[in-house]
Amino acid sequence: MTTNLLKNNNKILVKKRKLDETRKQLKSEFFGLDEIIDELINVVSAWYIFPYIQEKPVVVNLWGLTGTGKTSLISRLVDLLGFTDKYYKFNIMNLTESPFVIQSVLEDIDDNLNGEPIIIALDEFQHARTINENNEEMEKAGIRTIWELLDTGKFNMSRSSLNLEELYESIRFYNRMLKIGIVVSKGKVIKNKELFIERCGHEEYRNAFFVKKSKDDDSVNFISDGVVQHIYETAREEFVHPFEIREKLNQLDGAGTIRFLEKVLRHGLSPRVIDSSKSIIFVMGNLDEAYLMGGNYTPDISADEFYEQSKKINITHIKNALKARFRNEQISRLGNTHLIYPAFNNAVFREIINKELEKLTNKLKERFKLNVVFDDTIRQLIYSEGVFPTQGARPVLATIQQIVGARLGKMAGEILLNNFSPDKIVFSYAEEHILINYFSKRKLIYSVKEKQMLNLEKLRQCKKDDLQAITAVHESGHAVLTAVLLKIIPETVISSTVDDMVSGFVFSKVGWNYISKKELLSRVAVYLGGFIAEKIVFGEDKTTFGSEQDIGKATSLLANALKTSGMGKHLARFDVKNIKANYSVFDINDEINTEVLEWLDSGKKLAEDTLQANKVLLLKMSDYLSDNRVIDKEKIKKMVLTYGSGITEDQLIENGDNLFYRRHLKDQLKGLVSKKADGKTQNHVFSLNKQGNKGV
């Protein structure tokens with residue numbers, strides 16, 4: 001084995017260098033995916049270098065938000081590795097609509113690459129789901145083969161029933177010819193030729209068996225060319241070309257020919273085995289169940305925030321998300337190699353913009369000898385108008401085309417119309433206009449100014465109207481209670497959004513990954529804080545619609561806590577016939593639902609008392625947000641510490657990983673040891689912040 005390995009040393013080294021070059025090239029073309037590319041090259045390496053030693057396909061899963069480069073990364077990998085002619089890509093949506101799509105591709109594999117190393121991509125795999133939203137089984141015959149492919153790479157494929165029927169009829173016909181006296185030797189009819197030709201020309205047999213005499217001699221083939229083609233289509237893996245079949249037939253007499261045809265028919269009745277065991281299969285898709293931020297299209301939240309959320313997604317989240325769509329045995333066929341794409345952060349979006357503009361600059365220089373420069377104002381405009389953090393690169397690329405690409409023709413046209421030769425052309429943006437300035441020897445020789453339609457920038461402008469004032473008060477209520485009761489400073493508060501369906505919001509990073517009974521009331525108060533803030537500032541009769549979701553979240557949280565999590569008077573699980581009603585107040589006379597209402601009243605009172613005690617903070621923040629659409633974390637923190645009632649900086653929680661439970665566990669143990677030593681009992685006060693018994 002060592003000797004064989006040494007003999008192949010050069011081939012292995014060449015492939016290893018190819019992989020290293022591919023890794024480097026991919027990193028130069030795809031931004032923000034260095035870790036994904038490293039993982040991808042690592043999992044591809046063994047297959048690429050030693051494909052023939054594997055007994056089943058290598059399955060690699062790529063999951064991410066739309067527009068993050070899953071499909072394009074694999075396509076580029078295929079190109080760089082030289083597998084373009086051995087690459088088979090399926091869009092699962094097409095397969096579910098037409099099960100015959102896969103048949104033609106598999107036949108191509110069978111004809112040309114059966115048992116050879118190939119690359120298969122299964123795109124939009126989320127549409128292959130076999131369990132619907134109601135957890136019911138779904139039958140999708142069109143993609144059944146896909147699951148066999150993922151399992152062993154070997155599967156059976158039925159042969160053409162048309163060819164088999166034609167072959168069966170051929171055997172019957174030729175048997176009849178032999179019985180009426182037709183004699184065959186070496187594939188030719190040597191007796192009763194005219195009778196044979198007459199029967200072959202009969203209306204019943206003309207299409208399949210029509211034969212004619214050769215121009216060169218009087219010989220007549222017993223088996224027609226049409227039947228030879230049916231034989232080839234039925235057993236193509238046994239023959240290189242139909243000529244090979246003709247050569248075989250030219251060695252047979254009548255009885256031998258019938259036996260040969262029957263043998264081909266038996267072969268045709270057995271399934272064709274497609275062998276893709278030496279393949280690598282890329283499964284690609286979007287999993288909304290794992291990427292919960294994927295449904296949030298707002299550009300008002302920083303791309304960095306979505307990036308941080310996406311980095312927390314791990315293989316456990318992916319497998320749990322898959323459970324909502326697939327059966328357990330199907331999930332197991334996907335294996336454990338899951339490459340989890342992060343969302344793009346701000347830096348990646350800016351890198352994409354810079355790279356695309358650089359491509360345009362280079363093309364214009366190479367093809368037209370034009371030196372075109374896009375200044376920072378253009379880059380910022382593209383970012384402001386084109387970045388929707390959860391939608392990846394596509395909106396950005398479309399915005400580049402809209403702002404820059406659509407103007408390149410006009411830019412060149414001005415040069416031709418005015419007959420000048422600029423050595424530099426600068427694109428810039430100012431006051432809702434695109435400026436194209438032409439320079440020669442650093443001197444401005446011509447200028448074009450065009451109005452730029454803005455989609456997002458106008459929506460981001462402060463309206464300074466009643467709606468923004470209401471939203472400012474409402475969101476300030478949530479923010480103040482988040483800071484005072486939960487000791488968390490929100491990341492940002494927005495009082496005017498680009499989304500017509502959402503007036504404003506508070507974006508906070510919860511400091512811990514659990515909810516305790518002690519903080520339950522505080523969270524309810526935070527949910528109700530927007531409604532209560534409106535009541536305090538504007539008066540009860542001036543409160544507005546818009547708190548439906550807040551009230552629903554508060555009610556749902558309490559219903560779940562008291563009915564299923566043991567946080568109420570009774571340690572039991574309370575259910576109703578309709579599971580959806582279990583997270584609402586279903587019957588006001590029911591004891592457990594009455595308890596939910598009591599908690600809601602207590603949360604409402606806590607919110608009102610806290611906001612009244614911090615009314616100056618509430619008004620200061622509301623006033624700021626009525627004039628400015630956004631307030632960031634640092635400004636919020638400064639306001640809270642300046643105007644909040646009795647709030648100090650050391651109370652604020654930045655990291656909630658070790659607030660109480662671990663420390664309390666250790667203290668309990670120390671207390672037991674102390675009690676055993678001196679007989680005294682240790683007392684411990686429950687707390688969820690850094691101040692111990694000064695907790696929320």
# chains A, B, ... in the order shown; residues from 1 in each chain; ligands from 1
>>> residues_around(residues="A:Asn192", least_positions_apart="2", cutoff="8 Å", atoms="only C-alpha atoms", output="MDAnalysis selection string")
chainID A and resid 181:183 189:190 194:196
>>> residues_around(residues="A:Leu435", least_positions_apart="5", cutoff="6 Å", atoms="only C-alpha atoms", output="PDB file with C-alpha atoms, in the first residue's frame")
ATOM      1  CA  PHE A 427     -19.340  59.997  -9.526  1.00  0.00           C
ATOM      2  CA  SER A 428     -20.590  61.630  -6.304  1.00  0.00           C
ATOM      3  CA  TYR A 429     -23.849  62.267  -4.453  1.00  0.00           C
ATOM      4  CA  VAL A 448     -23.869  66.372 -15.226  1.00  0.00           C
ATOM      5  CA  LYS A 449     -26.383  66.577 -12.374  1.00  0.00           C
TER       6      LYS A 449
END
>>> residues_around(residues="stretch 346-351 of chain A", least_positions_apart="2", cutoff="6 Å", atoms="only C-alpha atoms", output="JSON, numbers by chain")
{"A": [31, 32, 303, 304, 344, 353, 354]}
>>> residues_around(residues="A:Ile315", least_positions_apart="3", cutoff="8 Å", atoms="only C-alpha atoms", output="PyMOL selection string")
chain A and resi 318-319+338+340
>>> residues_around(residues="stretch 120-126 of chain A", least_positions_apart="6", cutoff="7 Å", atoms="only C-alpha atoms", output="tab-separated table (two decimals) with C-alpha atoms, in the first residue's frame")
chain	number	residue	atom	x	y	z
A	87	TYR	CA	-21.72	18.75	-11.96
A	88	TYR	CA	-25.43	18.03	-11.60
A	89	LYS	CA	-27.60	20.63	-9.93
A	90	PHE	CA	-31.22	20.08	-8.92
A	91	ASN	CA	-33.64	22.76	-7.76
A	92	ILE	CA	-35.88	20.90	-5.35
A	93	MET	CA	-38.82	23.16	-6.17
A	280	ILE	CA	-20.10	14.56	-3.07
A	281	ILE	CA	-23.58	15.98	-2.50
A	282	PHE	CA	-24.19	19.58	-1.44
A	283	VAL	CA	-27.52	20.21	0.27
A	284	MET	CA	-28.36	23.93	0.29
A	285	GLY	CA	-31.29	25.81	1.73
A	286	ASN	CA	-32.83	28.42	3.99
A	287	LEU	CA	-34.19	27.31	7.36
>>> residues_around(residues="A:Pro395", least_positions_apart="5", cutoff="9 Å", atoms="only C-alpha atoms", output="PyMOL selection string")
chain A and resi 67+385-388+400
>>> closest_residue(among="A:Ala235, A:Ile352, A:Val498, A:Leu81", to="A:Ala393", atoms="only C-alpha atoms")
A:Ile352
>>> residues_around(residues="A:Lys517", least_positions_apart="2", cutoff="9 Å", atoms="only C-alpha atoms", output="list in words")
Ile515, Glu519, Leu520, Leu521, Ala561 and Met567 of chain A
>>> closest_residue(among="A:Gly335, A:Pro57, A:Gly529, A:Gly153", to="A:Lys605", atoms="only C-alpha atoms")
A:Gly529
>>> closest_residue(among="A:Thr361, A:Thr492, A:Gln229, A:Thr66", to="A:Tyr291", atoms="only C-alpha atoms")
A:Thr66
>>> select_by_dssp(residues="stretch 457-591 of chain A", states="strand (DSSP E or B)", output="list in words")
Thr492, Val493, Ile494, Phe505, Val506 and Phe507 of chain A
>>> atom_distance(atom1="atom CA of A:Ala469", atom2="atom CA of A:Tyr624")
9.7 Å
